Structures are given as structure tokens and as C-alpha cells.
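The structure file query-v4.pdb is reproduced below (PDB, C-alpha atoms and all ligand atoms).
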ATOM      1  CA  MET U   1      -4.791 -75.961 -63.932
ATOM      2  CA  PRO U   2      -7.295 -74.054 -61.758
ATOM      3  CA  PRO U   3      -9.710 -76.292 -59.815
ATOM      4  CA  LEU U   4     -12.629 -74.274 -61.187
ATOM      5  CA  GLU U   5     -13.046 -73.285 -64.831
ATOM      6  CA  ILE U   6     -15.325 -70.373 -65.606
ATOM      7  CA  HIS U   7     -16.962 -69.478 -68.923
ATOM      8  CA  GLU U   8     -19.675 -66.977 -69.706
ATOM      9  CA  ARG U   9     -22.036 -67.118 -72.711
ATOM     10  CA  ASP U  10     -25.510 -65.706 -73.350
ATOM     11  CA  ALA U  11     -25.800 -64.309 -69.793
ATOM     12  CA  VAL U  12     -25.059 -67.792 -68.396
ATOM     13  CA  LEU U  13     -22.027 -68.398 -66.184
ATOM     14  CA  VAL U  14     -20.762 -71.973 -66.547
ATOM     15  CA  LEU U  15     -18.711 -73.231 -63.595
ATOM     16  CA  THR U  16     -16.798 -76.463 -64.195
ATOM     17  CA  LEU U  17     -15.337 -78.316 -61.211
ATOM     18  CA  ASN U  18     -11.972 -79.196 -62.639
ATOM     19  CA  ARG U  19     -10.110 -81.837 -60.648
ATOM     20  CA  PRO U  20     -10.883 -84.848 -62.848
ATOM     21  CA  GLU U  21      -8.063 -86.983 -61.407
ATOM     22  CA  SER U  22      -9.999 -87.145 -58.102
ATOM     23  CA  LEU U  23     -13.479 -87.069 -59.671
ATOM     24  CA  ASN U  24     -13.653 -83.313 -58.930
ATOM     25  CA  ALA U  25     -13.496 -83.874 -55.177
ATOM     26  CA  PHE U  26     -13.722 -80.762 -53.022
ATOM     27  CA  THR U  27     -10.626 -79.098 -51.579
ATOM     28  CA  VAL U  28     -10.446 -75.862 -49.612
ATOM     29  CA  GLU U  29      -9.146 -74.146 -52.752
ATOM     30  CA  LEU U  30     -12.048 -75.424 -54.889
ATOM     31  CA  HIS U  31     -14.526 -74.143 -52.292
ATOM     32  CA  GLU U  32     -12.855 -70.740 -52.259
ATOM     33  CA  GLN U  33     -12.992 -70.469 -56.046
ATOM     34  CA  LEU U  34     -16.595 -71.681 -56.200
ATOM     35  CA  ARG U  35     -17.700 -69.125 -53.619
ATOM     36  CA  ALA U  36     -15.808 -66.345 -55.432
ATOM     37  CA  ALA U  37     -17.549 -67.362 -58.679
ATOM     38  CA  LEU U  38     -20.977 -67.399 -57.005
ATOM     39  CA  ASP U  39     -20.225 -63.952 -55.650
ATOM     40  CA  ASP U  40     -19.214 -62.799 -59.142
ATOM     41  CA  ALA U  41     -22.490 -64.267 -60.478
ATOM     42  CA  ARG U  42     -24.336 -61.481 -58.655
ATOM     43  CA  ARG U  43     -23.328 -59.132 -61.526
ATOM     44  CA  PRO U  44     -26.418 -58.023 -63.477
ATOM     45  CA  GLU U  45     -24.954 -59.363 -66.757
ATOM     46  CA  VAL U  46     -25.197 -62.886 -65.331
ATOM     47  CA  ARG U  47     -28.771 -64.175 -65.306
ATOM     48  CA  ALA U  48     -28.261 -67.906 -64.676
ATOM     49  CA  VAL U  49     -25.504 -70.301 -63.610
ATOM     50  CA  VAL U  50     -24.633 -73.850 -64.677
ATOM     51  CA  VAL U  51     -22.453 -76.086 -62.485
ATOM     52  CA  THR U  52     -20.846 -79.179 -63.993
ATOM     53  CA  GLY U  53     -17.776 -81.405 -63.655
ATOM     54  CA  ALA U  54     -14.760 -82.022 -65.896
ATOM     55  CA  GLY U  55     -14.129 -85.566 -67.104
ATOM     56  CA  ARG U  56     -16.301 -88.520 -66.134
ATOM     57  CA  ALA U  57     -17.640 -87.283 -62.748
ATOM     58  CA  PHE U  58     -19.724 -84.443 -61.398
ATOM     59  CA  CYS U  59     -18.158 -84.366 -57.905
ATOM     60  CA  ALA U  60     -17.062 -87.085 -55.443
ATOM     61  CA  GLY U  61     -17.506 -84.934 -52.317
ATOM     62  CA  GLN U  62     -14.701 -84.132 -49.923
ATOM     63  CA  ASP U  63     -11.215 -84.938 -51.216
ATOM     64  CA  LEU U  64     -10.336 -87.683 -48.776
ATOM     65  CA  GLU U  65      -6.634 -87.305 -49.490
ATOM     66  CA  GLU U  66      -6.793 -83.694 -48.351
ATOM     67  CA  THR U  67      -8.477 -84.699 -45.080
ATOM     68  CA  GLN U  68      -5.717 -87.276 -44.557
ATOM     69  CA  ARG U  69      -3.077 -84.599 -45.144
ATOM     70  CA  GLN U  70      -4.772 -82.177 -42.728
ATOM     71  CA  PRO U  71      -5.910 -84.459 -39.894
ATOM     72  CA  THR U  72      -6.027 -81.670 -37.332
ATOM     73  CA  THR U  73      -8.829 -79.778 -39.080
ATOM     74  CA  SER U  74     -12.082 -81.067 -37.584
ATOM     75  CA  LEU U  75     -15.016 -81.900 -39.829
ATOM     76  CA  SER U  76     -17.074 -79.361 -37.944
ATOM     77  CA  GLU U  77     -14.536 -76.682 -38.820
ATOM     78  CA  ARG U  78     -14.435 -77.770 -42.481
ATOM     79  CA  LEU U  79     -18.211 -77.560 -42.682
ATOM     80  CA  ALA U  80     -18.314 -74.182 -40.951
ATOM     81  CA  THR U  81     -15.597 -72.601 -43.075
ATOM     82  CA  SER U  82     -16.046 -74.286 -46.486
ATOM     83  CA  TYR U  83     -19.130 -76.392 -47.153
ATOM     84  CA  ASN U  84     -21.858 -74.502 -45.362
ATOM     85  CA  PRO U  85     -20.838 -71.090 -46.743
ATOM     86  CA  THR U  86     -20.695 -72.557 -50.281
ATOM     87  CA  ILE U  87     -24.180 -74.091 -50.039
ATOM     88  CA  LEU U  88     -25.622 -70.947 -48.465
ATOM     89  CA  ALA U  89     -24.033 -68.762 -51.168
ATOM     90  CA  LEU U  90     -25.601 -70.932 -53.873
ATOM     91  CA  ARG U  91     -29.018 -70.772 -52.238
ATOM     92  CA  ALA U  92     -28.753 -67.040 -51.567
ATOM     93  CA  LEU U  93     -27.972 -66.227 -55.202
ATOM     94  CA  ASP U  94     -31.210 -64.797 -56.565
ATOM     95  CA  LYS U  95     -30.637 -66.419 -59.963
ATOM     96  CA  PRO U  96     -31.274 -69.977 -61.111
ATOM     97  CA  VAL U  97     -28.439 -72.462 -60.681
ATOM     98  CA  ILE U  98     -28.630 -75.571 -62.854
ATOM     99  CA  ALA U  99     -26.561 -78.674 -62.220
ATOM    100  CA  ALA U 100     -25.420 -80.446 -65.387
ATOM    101  CA  VAL U 101     -24.725 -83.777 -63.677
ATOM    102  CA  ASN U 102     -22.361 -85.377 -66.161
ATOM    103  CA  GLY U 103     -21.297 -88.353 -64.006
ATOM    104  CA  VAL U 104     -21.244 -89.564 -60.431
ATOM    105  CA  ALA U 105     -22.348 -87.139 -57.689
ATOM    106  CA  ALA U 106     -21.268 -88.488 -54.280
ATOM    107  CA  GLY U 107     -21.162 -87.220 -50.704
ATOM    108  CA  ALA U 108     -21.025 -83.445 -50.596
ATOM    109  CA  GLY U 109     -20.979 -83.571 -54.417
ATOM    110  CA  LEU U 110     -24.481 -85.010 -54.177
ATOM    111  CA  SER U 111     -25.375 -82.227 -51.726
ATOM    112  CA  LEU U 112     -24.098 -79.648 -54.212
ATOM    113  CA  ALA U 113     -26.272 -81.122 -56.982
ATOM    114  CA  LEU U 114     -29.315 -81.235 -54.674
ATOM    115  CA  ALA U 115     -28.806 -77.597 -53.657
ATOM    116  CA  CYS U 116     -29.151 -76.454 -57.277
ATOM    117  CA  ASP U 117     -32.547 -75.306 -58.528
ATOM    118  CA  ILE U 118     -32.686 -77.744 -61.454
ATOM    119  CA  ARG U 119     -30.746 -80.918 -62.248
ATOM    120  CA  VAL U 120     -30.168 -82.178 -65.776
ATOM    121  CA  ALA U 121     -28.451 -85.568 -65.667
ATOM    122  CA  SER U 122     -26.503 -87.470 -68.266
ATOM    123  CA  ASP U 123     -27.618 -91.084 -68.693
ATOM    124  CA  ALA U 124     -24.132 -91.918 -67.344
ATOM    125  CA  ALA U 125     -24.751 -90.004 -64.094
ATOM    126  CA  SER U 126     -25.347 -91.641 -60.736
ATOM    127  CA  PHE U 127     -26.210 -90.377 -57.289
ATOM    128  CA  VAL U 128     -24.379 -91.886 -54.323
ATOM    129  CA  PRO U 129     -24.826 -90.691 -50.720
ATOM    130  CA  ALA U 130     -21.313 -91.967 -49.782
ATOM    131  CA  PHE U 131     -21.479 -90.430 -46.293
ATOM    132  CA  ILE U 132     -22.696 -93.614 -44.610
ATOM    133  CA  ALA U 133     -20.096 -95.683 -46.452
ATOM    134  CA  ILE U 134     -17.393 -93.819 -44.511
ATOM    135  CA  GLY U 135     -19.359 -93.690 -41.273
ATOM    136  CA  LEU U 136     -20.541 -90.126 -41.646
ATOM    137  CA  VAL U 137     -23.925 -88.461 -41.795
ATOM    138  CA  PRO U 138     -25.361 -86.450 -44.672
ATOM    139  CA  ASP U 139     -23.993 -82.904 -44.605
ATOM    140  CA  SER U 140     -23.815 -79.798 -46.762
ATOM    141  CA  GLY U 141     -27.617 -79.753 -46.852
ATOM    142  CA  ALA U 142     -28.175 -83.347 -48.037
ATOM    143  CA  SER U 143     -30.360 -84.092 -45.006
ATOM    144  CA  TRP U 144     -32.483 -81.039 -45.824
ATOM    145  CA  PHE U 145     -32.718 -81.342 -49.609
ATOM    146  CA  ALA U 146     -33.124 -85.121 -49.969
ATOM    147  CA  PRO U 147     -36.402 -85.501 -48.009
ATOM    148  CA  GLN U 148     -37.832 -82.459 -49.790
ATOM    149  CA  LEU U 149     -37.117 -84.003 -53.161
ATOM    150  CA  VAL U 150     -37.944 -87.661 -52.557
ATOM    151  CA  GLY U 151     -39.953 -87.741 -49.304
ATOM    152  CA  TYR U 152     -38.882 -89.035 -45.901
ATOM    153  CA  ALA U 153     -39.097 -92.791 -46.507
ATOM    154  CA  ARG U 154     -37.059 -92.806 -49.703
ATOM    155  CA  ALA U 155     -34.568 -90.296 -48.279
ATOM    156  CA  PHE U 156     -34.000 -92.405 -45.190
ATOM    157  CA  GLU U 157     -33.561 -95.579 -47.232
ATOM    158  CA  TRP U 158     -31.253 -93.885 -49.725
ATOM    159  CA  LEU U 159     -29.023 -92.058 -47.247
ATOM    160  CA  THR U 160     -28.638 -94.994 -44.872
ATOM    161  CA  SER U 161     -28.181 -97.746 -47.466
ATOM    162  CA  ASN U 162     -25.763 -95.846 -49.728
ATOM    163  CA  ARG U 163     -27.839 -97.039 -52.681
ATOM    164  CA  ARG U 164     -26.373 -95.783 -55.962
ATOM    165  CA  LEU U 165     -29.256 -94.279 -57.941
ATOM    166  CA  SER U 166     -28.927 -94.443 -61.702
ATOM    167  CA  ALA U 167     -30.001 -91.449 -63.757
ATOM    168  CA  ALA U 168     -33.225 -93.268 -64.701
ATOM    169  CA  GLU U 169     -34.003 -93.999 -61.028
ATOM    170  CA  ALA U 170     -33.175 -90.423 -60.100
ATOM    171  CA  LEU U 171     -35.689 -89.241 -62.685
ATOM    172  CA  GLU U 172     -38.334 -91.606 -61.377
ATOM    173  CA  TRP U 173     -37.720 -90.462 -57.775
ATOM    174  CA  GLY U 174     -37.863 -86.782 -58.718
ATOM    175  CA  VAL U 175     -34.203 -86.118 -57.928
ATOM    176  CA  VAL U 176     -33.542 -84.814 -61.443
ATOM    177  CA  ASN U 177     -35.673 -82.819 -63.845
ATOM    178  CA  GLU U 178     -34.417 -84.462 -67.022
ATOM    179  CA  VAL U 179     -32.051 -87.140 -68.346
ATOM    180  CA  THR U 180     -30.130 -86.627 -71.573
ATOM    181  CA  SER U 181     -27.615 -88.676 -73.505
ATOM    182  CA  ALA U 182     -24.092 -88.286 -72.132
ATOM    183  CA  GLY U 183     -22.833 -85.927 -74.839
ATOM    184  CA  ASP U 184     -25.805 -83.563 -74.545
ATOM    185  CA  VAL U 185     -25.985 -82.826 -70.827
ATOM    186  CA  LEU U 186     -24.047 -79.565 -70.748
ATOM    187  CA  ALA U 187     -25.690 -78.199 -73.901
ATOM    188  CA  ARG U 188     -29.143 -79.042 -72.528
ATOM    189  CA  ALA U 189     -28.374 -77.465 -69.129
ATOM    190  CA  HIS U 190     -27.085 -74.371 -70.917
ATOM    191  CA  GLU U 191     -30.222 -74.251 -73.059
ATOM    192  CA  ARG U 192     -32.390 -74.391 -69.928
ATOM    193  CA  ALA U 193     -30.239 -71.735 -68.246
ATOM    194  CA  ALA U 194     -30.517 -69.437 -71.279
ATOM    195  CA  ALA U 195     -34.309 -69.916 -71.309
ATOM    196  CA  LEU U 196     -34.466 -68.999 -67.621
ATOM    197  CA  ALA U 197     -32.129 -66.056 -68.283
ATOM    198  CA  ALA U 198     -34.724 -64.747 -70.740
ATOM    199  CA  GLN U 199     -37.469 -64.781 -68.103
ATOM    200  CA  PRO U 200     -38.041 -61.730 -65.898
ATOM    201  CA  GLY U 201     -35.030 -61.930 -63.573
ATOM    202  CA  THR U 202     -36.701 -60.338 -60.567
ATOM    203  CA  GLY U 203     -39.563 -62.792 -60.740
ATOM    204  CA  VAL U 204     -37.290 -65.827 -61.126
ATOM    205  CA  GLY U 205     -35.023 -64.659 -58.301
ATOM    206  CA  MET U 206     -37.859 -64.008 -55.916
ATOM    207  CA  THR U 207     -39.576 -67.295 -56.840
ATOM    208  CA  LYS U 208     -36.357 -69.022 -55.771
ATOM    209  CA  ARG U 209     -36.389 -67.077 -52.510
ATOM    210  CA  LEU U 210     -40.050 -67.870 -51.857
ATOM    211  CA  LEU U 211     -39.646 -71.605 -52.500
ATOM    212  CA  ALA U 212     -36.593 -71.756 -50.238
ATOM    213  CA  ARG U 213     -38.351 -69.935 -47.428
ATOM    214  CA  ALA U 214     -41.546 -71.965 -47.862
ATOM    215  CA  GLN U 215     -39.740 -75.056 -46.599
ATOM    216  CA  ASP U 216     -39.270 -73.749 -43.099
ATOM    217  CA  ALA U 217     -41.496 -70.728 -42.729
ATOM    218  CA  ALA U 218     -44.871 -70.586 -41.039
ATOM    219  CA  LEU U 219     -47.740 -69.798 -43.411
ATOM    220  CA  ARG U 220     -48.222 -66.408 -41.750
ATOM    221  CA  ASP U 221     -44.569 -65.460 -42.394
ATOM    222  CA  GLN U 222     -44.751 -66.908 -45.880
ATOM    223  CA  LEU U 223     -47.808 -64.813 -46.759
ATOM    224  CA  GLU U 224     -45.982 -61.701 -45.525
ATOM    225  CA  LEU U 225     -42.866 -62.538 -47.568
ATOM    226  CA  GLU U 226     -45.015 -63.232 -50.648
ATOM    227  CA  ARG U 227     -46.669 -59.859 -50.155
ATOM    228  CA  GLU U 228     -43.330 -58.064 -49.863
ATOM    229  CA  CYS U 229     -41.863 -59.833 -52.905
ATOM    230  CA  GLN U 230     -45.001 -59.305 -54.985
ATOM    231  CA  GLN U 231     -44.926 -55.557 -54.330
ATOM    232  CA  ALA U 232     -41.238 -55.411 -55.335
ATOM    233  CA  ALA U 233     -41.905 -57.502 -58.457
ATOM    234  CA  SER U 234     -44.808 -55.267 -59.448
ATOM    235  CA  GLU U 235     -42.547 -52.204 -59.250
ATOM    236  CA  HIS U 236     -39.978 -53.708 -61.640
ATOM    237  CA  PRO U 237     -40.281 -52.659 -65.335
ATOM    238  CA  ASP U 238     -40.529 -56.319 -66.407
ATOM    239  CA  HIS U 239     -44.006 -56.455 -64.899
ATOM    240  CA  ALA U 240     -45.406 -53.402 -66.687
ATOM    241  CA  GLU U 241     -43.764 -54.432 -69.989
ATOM    242  CA  ARG U 242     -45.236 -57.910 -69.852
ATOM    243  CA  VAL U 243     -48.708 -56.804 -68.830
ATOM    244  CA  ALA U 244     -48.682 -54.269 -71.669
ATOM    245  CA  ALA U 245     -47.579 -56.977 -74.132
ATOM    246  CA  PHE U 246     -50.283 -59.322 -72.910
ATOM    247  CA  LEU U 247     -53.000 -56.701 -73.197
ATOM    248  CA  ALA U 248     -51.759 -55.721 -76.668
ATOM    249  CA  LYS U 249     -51.831 -59.442 -77.609
ATOM    250  CA  GLN U 250     -48.112 -59.337 -78.408
ATOM    251  CA  SER U 251     -45.462 -61.831 -77.384
ATOM    252  CA  ALA U 252     -43.222 -60.963 -74.429
ATOM    253  CA  PRO U 253     -40.495 -58.407 -75.251
ATOM    254  CA  PRO U 254     -37.111 -60.010 -76.074
ATOM    255  CA  ARG U 255     -34.291 -59.765 -73.509
TER     256      ARG U 255
HETATM  257  C1  LIG C 301     -11.165 -89.637 -54.829
HETATM  258  C2  LIG C 301     -12.408 -89.417 -54.222
HETATM  259  C3  LIG C 301     -12.469 -88.574 -53.081
HETATM  260  C4  LIG C 301     -10.166 -88.297 -53.261
HETATM  261  C5  LIG C 301     -12.708 -90.718 -55.886
HETATM  262  N1  LIG C 301     -11.323 -88.045 -52.636
HETATM  263  N2  LIG C 301     -10.055 -89.078 -54.339
HETATM  264  C6  LIG C 301     -17.383 -83.018 -45.431
HETATM  265  C7  LIG C 301     -16.473 -82.410 -44.512
HETATM  266  C8  LIG C 301     -15.235 -83.015 -44.197
HETATM  267  C9  LIG C 301     -14.802 -84.230 -44.382
HETATM  268  C10 LIG C 301     -15.496 -85.330 -44.893
HETATM  269  O1  LIG C 301     -16.512 -85.182 -45.811
HETATM  270  C11 LIG C 301     -17.433 -84.228 -45.973
HETATM  271  C12 LIG C 301     -18.543 -84.577 -46.848
HETATM  272  C13 LIG C 301     -18.282 -85.691 -47.838
HETATM  273  O2  LIG C 301     -18.225 -85.432 -48.985
HETATM  274  S1  LIG C 301     -18.140 -87.260 -47.203
HETATM  275  C14 LIG C 301     -17.993 -88.243 -48.653
HETATM  276  C15 LIG C 301     -16.634 -88.168 -49.289
HETATM  277  N3  LIG C 301     -16.639 -88.870 -50.550
HETATM  278  C16 LIG C 301     -16.564 -90.192 -50.630
HETATM  279  O3  LIG C 301     -16.468 -90.912 -49.652
HETATM  280  C17 LIG C 301     -16.611 -90.767 -52.034
HETATM  281  C18 LIG C 301     -15.404 -91.655 -52.272
HETATM  282  N4  LIG C 301     -15.435 -92.136 -53.651
HETATM  283  C19 LIG C 301     -16.203 -93.186 -54.029
HETATM  284  O4  LIG C 301     -16.945 -93.766 -53.276
HETATM  285  C20 LIG C 301     -16.082 -93.584 -55.472
HETATM  286  O5  LIG C 301     -14.884 -93.056 -56.000
HETATM  287  C21 LIG C 301     -17.273 -93.099 -56.340
HETATM  288  C22 LIG C 301     -18.553 -93.852 -55.955
HETATM  289  C23 LIG C 301     -17.508 -91.594 -56.193
HETATM  290  C24 LIG C 301     -16.944 -93.381 -57.821
HETATM  291  O6  LIG C 301     -16.541 -94.714 -57.962
HETATM  292  P1  LIG C 301     -15.755 -95.175 -59.287
HETATM  293  O7  LIG C 301     -16.447 -94.657 -60.464
HETATM  294  O8  LIG C 301     -15.580 -96.649 -59.186
HETATM  295  O9  LIG C 301     -14.338 -94.417 -59.245
HETATM  296  P2  LIG C 301     -13.042 -94.779 -58.367
HETATM  297  O10 LIG C 301     -13.437 -95.146 -56.986
HETATM  298  O11 LIG C 301     -12.197 -95.735 -59.120
HETATM  299  O12 LIG C 301     -12.290 -93.339 -58.298
HETATM  300  C25 LIG C 301     -11.495 -92.855 -59.384
HETATM  301  C26 LIG C 301     -10.333 -92.057 -58.804
HETATM  302  O13 LIG C 301     -10.846 -90.918 -58.090
HETATM  303  C27 LIG C 301      -9.558 -92.892 -57.800
HETATM  304  O14 LIG C 301      -8.211 -92.505 -57.870
HETATM  305  P3  LIG C 301      -7.168 -93.365 -58.747
HETATM  306  O15 LIG C 301      -5.837 -92.707 -58.481
HETATM  307  O16 LIG C 301      -7.239 -94.772 -58.243
HETATM  308  O17 LIG C 301      -7.621 -93.242 -60.146
HETATM  309  C28 LIG C 301     -10.128 -92.435 -56.483
HETATM  310  O18 LIG C 301      -9.256 -92.608 -55.412
HETATM  311  C29 LIG C 301     -10.371 -90.975 -56.736
HETATM  312  N5  LIG C 301     -11.409 -90.446 -55.850
HETATM  313  N6  LIG C 301     -13.344 -90.092 -54.899
HETATM  314  N7  LIG C 301     -13.623 -88.279 -52.484
END

Is it possible to express this structure as C-alpha cells?
Ligand code: LHQ
Amino acid sequence: MPPLEIHERDAVLVLTLNRPESLNAFTVELHEQLRAALDDARRPEVRAVVVTGAGRAFCAGQDLEETQRQPTTSLSERLATSYNPTILALRALDKPVIAAVNGVAAGAGLSLALACDIRVASDAASFVPAFIAIGLVPDSGASWFAPQLVGYARAFEWLTSNRRLSAAEALEWGVVNEVTSAGDVLARAHERAAALAAQPGTGVGMTKRLLARAQDAALRDQLELERECQQAASEHPDHAERVAAFLAKQSAPPR
């Protein structure tokens, strides 16, 4: 059974972490397959991506049995060769990535969910930092994404206390965009992905790039990047088509 299952429907690539016996914990092989899939998602036929987990969990972070089996690989090396490239590949993809958080997201599994552009959570989902519980610090971007989503005070409390946020709490804190009943989470994430896939792809992709850069760019640099992206967007046929439709008082052309 491959550790990552891949399906494609309606221009949406659905990636299912598929190691349910260990709550879809990350191994080197799972990272490699996830990065290959994110690379494949750059094809023009793919316009959005959904990431979810098989069974009752989303992802429990690093497979701690693997780290026990490979004690000579340092954490720094694991982050440099597996986790950081995976998170950067997800962020660099100029298409929306939606997490369908079907169950617990812990450790680097939480980081993966936070790195996505949108999170739809099942009412059975929960969000557990886990790092502090094993004496580690947030990695794989959790220290960058968490304060952006929930603010410094909540992020500090959450990441240092190992508080398990329920789906309802995650909604209240702004960690997730929506909570659904357990059976509906993947369908709802797919529906959102298909809706985003029908939007002008260049605009969605560059909006993602702008929001990512806005977090750490100076306003002067940000204004320059906005200018560059806006010019590129205006040269794409989507722009002219949609302006023409607006002026003709028609609805946007179908994709
Ligand atoms: C697992 C795991 C797991 C293996 C559940 N591994 N088997 C980066 C770079 C390098 C190294 C270190 O880490 C990192 C970043 C990180 O991700 S650090 C954080 C690593 N993850 C954790 O520490 C989470 C450990 N798991 C848990 O705390 C709990 O399992 C959670 C809260 C996720 C879920 O709790 P429960 O729903 O009560 O499930 P459970 O504990 O009963 O687990 C079910 C099974 O899954 C169980 O196996 P079993 O054979 O007894 O059914 C667990 O051993 C296995 N499992 N997480 N990370």
C-alpha cells in the first residue's frame, strides 16, 4: 500500500496520507511521495489540491518509530532533507492547497495543515502541537504559521502547553475556515477546491504569492511585487475575458 494515495477529479488533485496504522505519521518515503505529488500538481490540468488523511487521523507528525530505527540521522538533517523542502514546495505551488482535516493533526502534521491555504475540519478533528510533549520545539513552519493565524499570545500558550484544540475551538481561534460533520469533510474540501479551480488561476496563484510574501516583506518591496504581479495578471486572457463579461453585464465565462 503506497503511503500516499493520489486521485484527480474536476481539476482537483486529492492527496491522501495513507499510513492509518500510525495515524499517517511522516516517514522519509511519505515525504518523497508528497513532494513528487506537489511537483506533479504544477501541471496546468491541476488547478487546486486537497490534502487529507486515511482512517481516523489527519497526520500525527514524525513517525517516532522511524526515528528510533534511524537514531543516527539528526533532527536537523531530517528537517533539511524532508520537512522543510515539503513545506516550501507546498507554499511555492501557485495553486490553492486545502487541508481536509479529518482527524487529529499533531506535530509536523499540524504544521502541514497550517501551511495549507484553507483548512476544512471534521467535527472529529483536533489540533495538537505535540512538539513540547516530547521536548521539542515547533518545526516545519509551525512557529511561523501559528502566530499568523491566532496571534502571538494564543500561539505561545498553545505551543507551550500542548493544549489539544477541538474543531470548534480551532474555528473560534481562526485556525480553520470551516467545520463540517465527520462524513462530509472531504466532499466539502473538494467542493471548495473545485470552486477555487474555477476562479482565474493566475489571480489565485499570485494572490497566494502576495499573501505569503506580505508576512515578511517590507511595504516598499510588497508594493513592487504587487505591481509586478498585477501587470502579469492584466496580461493574462482571464482578465480581459472577465472585464468584457462584466461590461456586457454577463456572468463570468465558465472554465
Ligand atoms: C504513532 C504516532 C507517531 C508513530 C501515533 N509515530 N506512531 C521532525 C523531525 C524529526 C524528528 C522529530 O519530529 C519532527 C516533528 C514532529 O512531528 S515532532 C511530533 C511527533 N509526533 C508526536 O509526538 C505525536 C505522537 N502521538 C500522539 O501524541 C497521539 O498518538 C495523538 C495525540 C496524535 C493521537 O492520540 P490518540 O488518538 O489517543 O491515538 P494513539 O496515541 O492511541 O495512537 C494510535 C496508534 O498510532 C498507536 O499505535 P498502536 O499500535 O498502539 O495502535 C500509536 O503508537 C500510533 N502513533 N502517533 N507520531

Separation of atom N1 of ligand LIG 301 (chain C) from CA of Gln62 in chain U in Å: 5.8 Å

Once you count all atoms listed in the file, what closest atom pair and distance in Å to one decimal does each residue of chain U within 7 Å of ligand LIG 301 (chain C) have, with rows by chain and rising residue number, as a tab-separated table?
residue	atom	partner	partner_atom	distance
U:Glu21	CA	C:LIG301	O13	5.9
U:Ser22	CA	C:LIG301	O13	3.9
U:Leu23	CA	C:LIG301	O13	4.9
U:Ala25	CA	C:LIG301	N7	5.2
U:Ala60	CA	C:LIG301	C23	4.6
U:Gly61	CA	C:LIG301	O2	3.4
U:Gln62	CA	C:LIG301	O2	3.9
U:Asp63	CA	C:LIG301	N1	3.4
U:Leu64	CA	C:LIG301	N1	4.0
U:Glu65	CA	C:LIG301	C4	5.3
U:Thr67	CA	C:LIG301	C9	6.4
U:Leu75	CA	C:LIG301	C8	4.5
U:Arg78	CA	C:LIG301	C7	5.5
U:Leu79	CA	C:LIG301	C7	5.5
U:Val104	CA	C:LIG301	C23	6.0
U:Ala105	CA	C:LIG301	C23	6.7
U:Ala106	CA	C:LIG301	C23	5.2
U:Gly107	CA	C:LIG301	O2	3.8
U:Ala108	CA	C:LIG301	O2	3.8
U:Gly109	CA	C:LIG301	O2	6.4
U:Val128	CA	C:LIG301	C22	6.4
U:Ala130	CA	C:LIG301	O3	5.0
U:Phe131	CA	C:LIG301	S1	4.7
U:Ala133	CA	C:LIG301	O3	6.8
U:Ile134	CA	C:LIG301	O3	6.0
U:Leu136	CA	C:LIG301	S1	6.7
U:Asp139	CA	C:LIG301	C12	6.1

Hits from the PyMOL selection byres (((chain U and resi 155) around 12) and not hetatm), listed as a PyMOL selection string: chain U and resi 128-129+138+142-154+156-163+165+170+173-175

Closest of U:Ser166, U:Gly203, U:Arg42, U:Pro71 to Ser126 in chain U - atom-to-atom distances counting all atoms listed in the file: U:Ser166

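Put simply, CA of Gly141 in chain U is 15.2 Å away from CA of His31 in chain U.
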
One-decimal distance in Å that lies between CA of Thr52 in chain U and CA of Val179 in chain U: 14.4 Å

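Minimum atom-to-atom distance to Glu8 in chain U, evaluated using all atoms listed in the file, belongs to U:Ala48 out of U:Val120, U:Ala48, U:Ala80, U:Leu225.
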
Proximity to Ile87 in chain U - best of U:Val50, U:Cys59, U:Ala194, U:Leu34, all atoms listed in the file: U:Leu34

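Checking U:Ala240, U:Ala167, U:Ala214, U:Ala41 one by one against Pro200 in chain U, counting all atoms listed in the file, you find the shortest gap at U:Ala240.
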
Expanded to explicit residues, what is the PyMOL selection byres (((chain U and resi 3) around 9) and not hetatm) for this file, as a PDB file with C-alpha atoms, keeping the file's coordinate frame?
ATOM      1  CA  MET U   1      -4.791 -75.961 -63.932  1.00  0.00           C
ATOM      2  CA  PRO U   2      -7.295 -74.054 -61.758  1.00  0.00           C
ATOM      3  CA  LEU U   4     -12.629 -74.274 -61.187  1.00  0.00           C
ATOM      4  CA  GLU U   5     -13.046 -73.285 -64.831  1.00  0.00           C
ATOM      5  CA  THR U  16     -16.798 -76.463 -64.195  1.00  0.00           C
ATOM      6  CA  LEU U  17     -15.337 -78.316 -61.211  1.00  0.00           C
ATOM      7  CA  ASN U  18     -11.972 -79.196 -62.639  1.00  0.00           C
ATOM      8  CA  ARG U  19     -10.110 -81.837 -60.648  1.00  0.00           C
ATOM      9  CA  ASN U  24     -13.653 -83.313 -58.930  1.00  0.00           C
ATOM     10  CA  THR U  27     -10.626 -79.098 -51.579  1.00  0.00           C
ATOM     11  CA  GLU U  29      -9.146 -74.146 -52.752  1.00  0.00           C
ATOM     12  CA  LEU U  30     -12.048 -75.424 -54.889  1.00  0.00           C
ATOM     13  CA  GLN U  33     -12.992 -70.469 -56.046  1.00  0.00           C
TER      14      GLN U  33
END

Could you name the residues that touch Val97 in chain U at 9 Å or less, counting all atoms listed in the file, but leaving out those on the same chain fewer than 6 positions away, as an mmCIF file with C-alpha atoms, keeping the file's coordinate frame?
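Output contents, as saved in result39.cif:
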data_model
loop_
_atom_site.group_PDB
_atom_site.id
_atom_site.type_symbol
_atom_site.label_atom_id
_atom_site.label_comp_id
_atom_site.auth_asym_id
_atom_site.auth_seq_id
_atom_site.Cartn_x
_atom_site.Cartn_y
_atom_site.Cartn_z
ATOM 1 C CA ALA U 48 -28.261 -67.906 -64.676
ATOM 2 C CA VAL U 49 -25.504 -70.301 -63.610
ATOM 3 C CA VAL U 50 -24.633 -73.850 -64.677
ATOM 4 C CA VAL U 51 -22.453 -76.086 -62.485
ATOM 5 C CA LEU U 90 -25.601 -70.932 -53.873
ATOM 6 C CA ARG U 91 -29.018 -70.772 -52.238
ATOM 7 C CA ALA U 115 -28.806 -77.597 -53.657
ATOM 8 C CA CYS U 116 -29.151 -76.454 -57.277
ATOM 9 C CA ASP U 117 -32.547 -75.306 -58.528
ATOM 10 C CA ILE U 118 -32.686 -77.744 -61.454
ATOM 11 C CA ARG U 119 -30.746 -80.918 -62.248
ATOM 12 C CA ALA U 193 -30.239 -71.735 -68.246
#

Output check: residues returned by the PyMOL selection byres (((chain U and resi 180-188) around 7) and not hetatm), as a list in words: Ala100, Asn102, Val120, Ala121, Ser122, Asp123, Ala124, Glu178, Val179, Ala189, His190, Glu191 and Arg192 of chain U

Distance query 9 Å from (-31.5, -66.8, -57.8) using only C-alpha atoms, result as a list in words: Arg42, Arg47, Ala48, Leu90, Arg91, Ala92, Leu93, Asp94, Lys95, Pro96, Val97, Asp117, Gly201, Thr202, Val204, Gly205, Met206, Thr207, Lys208 and Arg209 of chain U

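Residue nearest Ala57 in chain U, chosen from U:Val176, U:Val101, U:Ala232, U:Leu110 and counting only C-alpha atoms: U:Val101.
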